[in-house]
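Reproduced below: entry.txt, with compact mmCIF, C-alpha atoms.
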```
# COMPACT_ATOMS: atom_id res chain seq x y z
CA MET A 276 -73.55 -11.98 -27.74
CA ASN A 277 -73.58 -11.34 -23.96
CA ARG A 278 -74.26 -15.04 -23.45
CA ILE A 279 -71.19 -15.99 -25.54
CA ILE A 280 -69.00 -13.55 -23.58
CA LYS A 281 -70.25 -15.06 -20.29
CA ILE A 282 -69.54 -18.61 -21.54
CA VAL A 283 -66.03 -17.64 -22.69
CA ALA A 284 -65.36 -15.86 -19.38
CA LEU A 285 -66.63 -18.89 -17.43
CA ALA A 286 -64.46 -21.26 -19.51
CA GLY A 287 -61.43 -19.03 -18.92
CA GLY A 288 -62.13 -19.02 -15.18
CA VAL A 289 -62.39 -22.83 -15.12
CA ALA A 290 -59.10 -23.11 -17.04
CA ALA A 291 -57.41 -20.67 -14.66
CA LEU A 292 -58.71 -22.65 -11.68
CA GLY A 293 -57.32 -25.85 -13.22
CA LEU A 294 -53.91 -24.23 -13.66
CA LEU A 295 -54.01 -22.99 -10.07
CA VAL A 296 -54.81 -26.48 -8.74
CA ALA A 297 -52.08 -28.05 -10.91
CA SER A 298 -49.55 -25.45 -9.73
CA ALA A 299 -50.47 -26.04 -6.09
CA SER A 300 -50.14 -29.80 -6.55
CA LEU A 301 -46.75 -29.41 -8.24
CA ALA A 302 -45.57 -27.05 -5.48
CA SER A 303 -46.73 -29.53 -2.83
CA THR A 304 -44.89 -32.41 -4.55
CA HIS A 305 -41.74 -30.28 -4.87
CA ALA A 306 -41.96 -29.31 -1.18
CA LYS A 307 -42.27 -32.98 -0.15
CA HIS A 308 -39.21 -33.95 -2.23
CA ALA A 309 -37.25 -30.94 -0.96
CA LYS A 310 -38.17 -31.85 2.62
CA LYS A 311 -37.10 -35.47 2.05
CA ALA A 312 -33.80 -34.36 0.49
CA HIS A 313 -33.25 -31.94 3.36
CA ALA A 314 -33.90 -34.69 5.90
CA VAL A 315 -30.80 -36.62 4.72
CA LYS A 316 -28.46 -33.70 4.04
CA VAL A 317 -26.27 -34.58 7.03
CA GLN A 318 -25.93 -37.98 8.65
CA HIS A 319 -23.91 -38.80 11.78
CA VAL A 320 -22.09 -42.08 12.37
CA LYS A 321 -20.38 -42.95 15.68
CA ILE A 322 -17.65 -45.58 15.82
CA VAL A 323 -15.56 -46.90 18.71
CA ILE A 324 -12.19 -48.59 18.22
CA LYS A 325 -11.15 -51.14 20.82
CA SER A 326 -7.93 -53.16 20.93
CA ASP A 327 -7.59 -56.86 21.55
CA ASP A 328 -6.57 -56.00 25.15
CA GLU A 329 -9.86 -54.10 25.49
CA HIS A 330 -11.70 -57.13 24.08
CA GLY A 331 -12.54 -55.31 20.86
CA LYS A 332 -14.21 -58.24 19.11
CA LYS A 333 -13.77 -61.98 19.24
CA GLY A 334 -12.71 -63.55 15.94
CA SER A 335 -13.53 -66.89 14.39
CA ASP A 336 -10.11 -68.01 15.65
CA GLY A 337 -11.42 -67.66 19.22
CA LYS A 338 -9.09 -64.75 20.06
CA TRP A 339 -9.84 -61.09 20.81
CA HIS A 340 -8.85 -58.63 18.07
CA ASP A 341 -8.71 -54.90 17.35
CA ALA A 342 -11.99 -53.70 15.88
CA PHE A 343 -13.97 -50.74 14.63
CA LEU A 344 -17.41 -51.03 16.26
CA PRO A 345 -19.44 -50.95 14.06
CA ALA A 346 -17.30 -51.82 11.06
CA ASN A 347 -20.28 -51.89 8.66
CA PHE A 348 -22.88 -49.14 8.46
CA LYS A 349 -25.48 -47.62 6.12
CA VAL A 350 -25.85 -44.04 4.94
CA HIS A 351 -28.12 -42.18 2.53
CA LYS A 352 -27.09 -41.27 -0.99
CA GLY A 353 -26.39 -37.55 -1.26
CA ALA A 354 -25.82 -37.12 2.48
CA ARG A 355 -22.78 -35.46 3.97
CA VAL A 356 -21.67 -38.09 6.47
CA ILE A 357 -19.96 -36.89 9.64
CA VAL A 358 -18.05 -39.74 11.29
CA THR A 359 -16.99 -39.49 14.94
CA VAL A 360 -14.46 -42.13 16.00
CA LYS A 361 -13.41 -42.64 19.61
CA ASN A 362 -10.20 -44.68 19.70
CA PHE A 363 -9.50 -46.68 22.89
CA ASP A 364 -6.42 -48.33 21.35
CA ASP A 365 -3.00 -46.80 22.05
CA MET A 366 -2.17 -47.11 18.35
CA PRO A 367 -3.32 -44.83 15.51
CA HIS A 368 -5.58 -46.33 12.85
CA SER A 369 -7.09 -45.09 9.60
CA PHE A 370 -10.37 -45.12 7.74
CA THR A 371 -9.35 -45.53 4.10
CA SER A 372 -11.71 -45.87 1.14
CA PRO A 373 -10.60 -44.52 -2.25
CA SER A 374 -14.12 -45.16 -3.60
CA LEU A 375 -15.54 -42.76 -0.99
CA LYS A 376 -12.54 -40.40 -1.32
CA VAL A 377 -11.62 -40.86 2.35
CA ASN A 378 -8.21 -41.49 3.89
CA LYS A 379 -8.31 -40.24 7.46
CA VAL A 380 -5.82 -41.03 10.22
CA ILE A 381 -7.53 -41.81 13.53
CA LYS A 382 -5.52 -40.46 16.48
CA ALA A 383 -4.22 -42.97 19.05
CA GLY A 384 -5.85 -43.22 22.45
CA LYS A 385 -3.81 -41.95 25.41
CA ASP A 386 -2.04 -44.41 27.68
CA LEU A 387 -2.88 -43.85 31.32
CA LYS A 388 -0.53 -44.91 34.14
CA ASN A 389 -2.94 -47.60 35.37
CA GLY A 390 -2.65 -49.65 32.15
CA LYS A 391 -5.88 -48.29 30.68
CA VAL A 392 -6.26 -46.18 27.56
CA LYS A 393 -8.25 -42.95 27.48
CA GLY A 394 -10.33 -42.66 24.31
CA VAL A 395 -9.38 -39.91 21.88
CA THR A 396 -11.91 -38.56 19.37
CA THR A 397 -11.30 -37.92 15.68
CA ARG A 398 -13.96 -36.50 13.33
CA PHE A 399 -14.07 -36.49 9.57
CA SER A 400 -16.70 -36.28 6.85
CA PHE A 401 -17.40 -37.46 3.34
CA LYS A 402 -20.18 -37.11 0.80
CA ALA A 403 -22.04 -40.29 -0.20
CA LYS A 404 -22.44 -39.38 -3.87
CA LYS A 405 -23.65 -42.67 -5.33
CA ALA A 406 -25.44 -45.79 -4.16
CA GLY A 407 -23.48 -48.97 -3.63
CA LYS A 408 -21.42 -51.00 -1.18
CA PHE A 409 -17.98 -49.49 -0.55
CA LEU A 410 -15.07 -51.24 1.17
CA TRP A 411 -12.99 -49.33 3.72
CA TRP A 412 -9.94 -50.54 5.70
CA CYS A 413 -7.33 -49.48 8.23
CA ASN A 414 -4.00 -48.91 6.47
CA LYS A 415 -1.97 -48.57 9.69
CA PRO A 416 -0.23 -51.85 10.61
CA CYS A 417 -1.87 -53.21 13.73
CA ASP A 418 -3.51 -56.60 14.32
CA PRO A 419 -2.70 -58.66 11.16
CA TRP A 420 -5.68 -61.01 11.66
CA ALA A 421 -8.12 -58.11 12.15
CA MET A 422 -6.73 -56.25 9.12
CA ALA A 423 -7.59 -59.25 6.92
CA HIS A 424 -11.17 -59.72 8.14
CA VAL A 425 -14.29 -57.67 7.42
CA GLY A 426 -15.96 -56.58 10.64
CA PHE A 427 -12.69 -55.81 12.43
CA MET A 428 -10.16 -53.46 10.79
CA ARG A 429 -12.11 -53.36 7.54
CA GLY A 430 -15.78 -53.12 6.65
CA TYR A 431 -18.39 -51.77 4.29
CA VAL A 432 -20.31 -48.53 3.94
CA LYS A 433 -23.62 -49.25 2.24
CA VAL A 434 -25.04 -46.18 0.49
CA LYS A 435 -28.78 -46.39 -0.29
```

Represent the structure from my file as structure tokens, please.
Amino acid sequence: MNRIIKIVALAGGVAALGLLVASASLASTHAKHAKKAHAVKVQHVKIVIKSDDEHGKKGSDGKWHDAFLPANFKVHKGARVIVTVKNFDDMPHSFTSPSLKVNKVIKAGKDLKNGKVKGVTTRFSFKAKKAGKFLWWCNKPCDPWAMAHVGFMRGYVKVK
């Protein structure tokens, strides 16, 4: 009878050890996923806007045009994206994307007396809720050619 009690106790100990190892493994896996999710909670994107006078970006027509630099960028799904835009154009612009639930006016740069424009910073944020490729554009009339071409006054946010 003592031998049976010892065998049952030993089997119970082995089972308890197995549960402990499984729990530790599950906790470790959860911690890794939580750490990964935490790593992409906030993502920063920096953009500069330059006018055609500032040689923003040369188009396929051979002329300089207004441009968001970069116009296309990638972010992580689930991240809160903080966008910092420094506008060196003396005109306001916008970053508009109904799919991303963003419609932010970008403040105009400040004209200086020497013909240059001092950059003015605007910040905004959005949450990248689902994966995909989302079009954005400037809805403030500016350079008609640039407004019609991706990579200038329109672009894509790729959410992975």

Practice problem: Determine the nearest neighbour of Lys385 (chain A) from the options A:Lys361, A:Val317, A:Ser369, A:Lys408, counting all atoms listed in the file. | Solution: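 Looking only at the distances to Lys385 (chain A), the closest residue turns out to be A:Lys361.
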
Quiz item: Between CA of Pro416 (chain A) and CA of Arg398 (chain A), what is the distance, to one decimal in Å?
Solution: 20.8 Å

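CA of Lys391 (chain A) is found 24.5 Å from CA of Arg429 (chain A).
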
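Nearest residue to Phe399 (chain A) among A:Pro373, A:Ala354, A:Ile381, A:Ala423 is A:Ile381, counting all atoms listed in the file.
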
Practice problem: Considering all atoms listed in the file, state which residue in the set A:Phe401, A:Val377, A:Asn362, A:Cys413 is at the smallest distance from Gly331 (chain A). | Solution: A:Asn362

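Residue nearest Gln318 (chain A), chosen from A:Gly394, A:Gly353, A:Gly426, A:Pro419 and counting only C-alpha atoms: A:Gly353.
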
Exercise. Pick out the closest residue to Ser326 (chain A) from this set: A:Leu344, A:Ser372, A:Asn389, A:Lys379. Count all atoms listed in the file.
Key: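 The closest residue to Ser326 (chain A) is A:Leu344.
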
Quiz item: How far is it from CA of Val395 (chain A) to CA of Val425 (chain A), in Å with one decimal?
Solution: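 Computed distance, CA of Val395 (chain A) to CA of Val425 (chain A), equals 23.4 Å.
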
Exercise. Go through A:Pro367, A:Gly390, A:Gly384, A:Gly430 one by one, measure the shortest atom-to-atom distance of each to Lys415 (chain A) using all atoms listed in the file, and give the residue with the smallest value.
Key: A:Pro367

Padding 4 Å on each side, edges along x, y and z: where is the centre of the box around the listed atoms of region 411-423 of chain A, and how long are its edges in Å to one decimal? Output it as lines of an AutoDock Vina configuration file.
```
center_x = -6.6
center_y = -54.8
center_z = 9.0
size_x = 20.8
size_y = 20.4
size_z = 18.6
```

Exercise. Show which residues sit within 12 Å of Ser335 (chain A), as a count of residues only. Count all atoms listed in the file, and ignore same-chain residues fewer than 5 positions away.
Key: 7
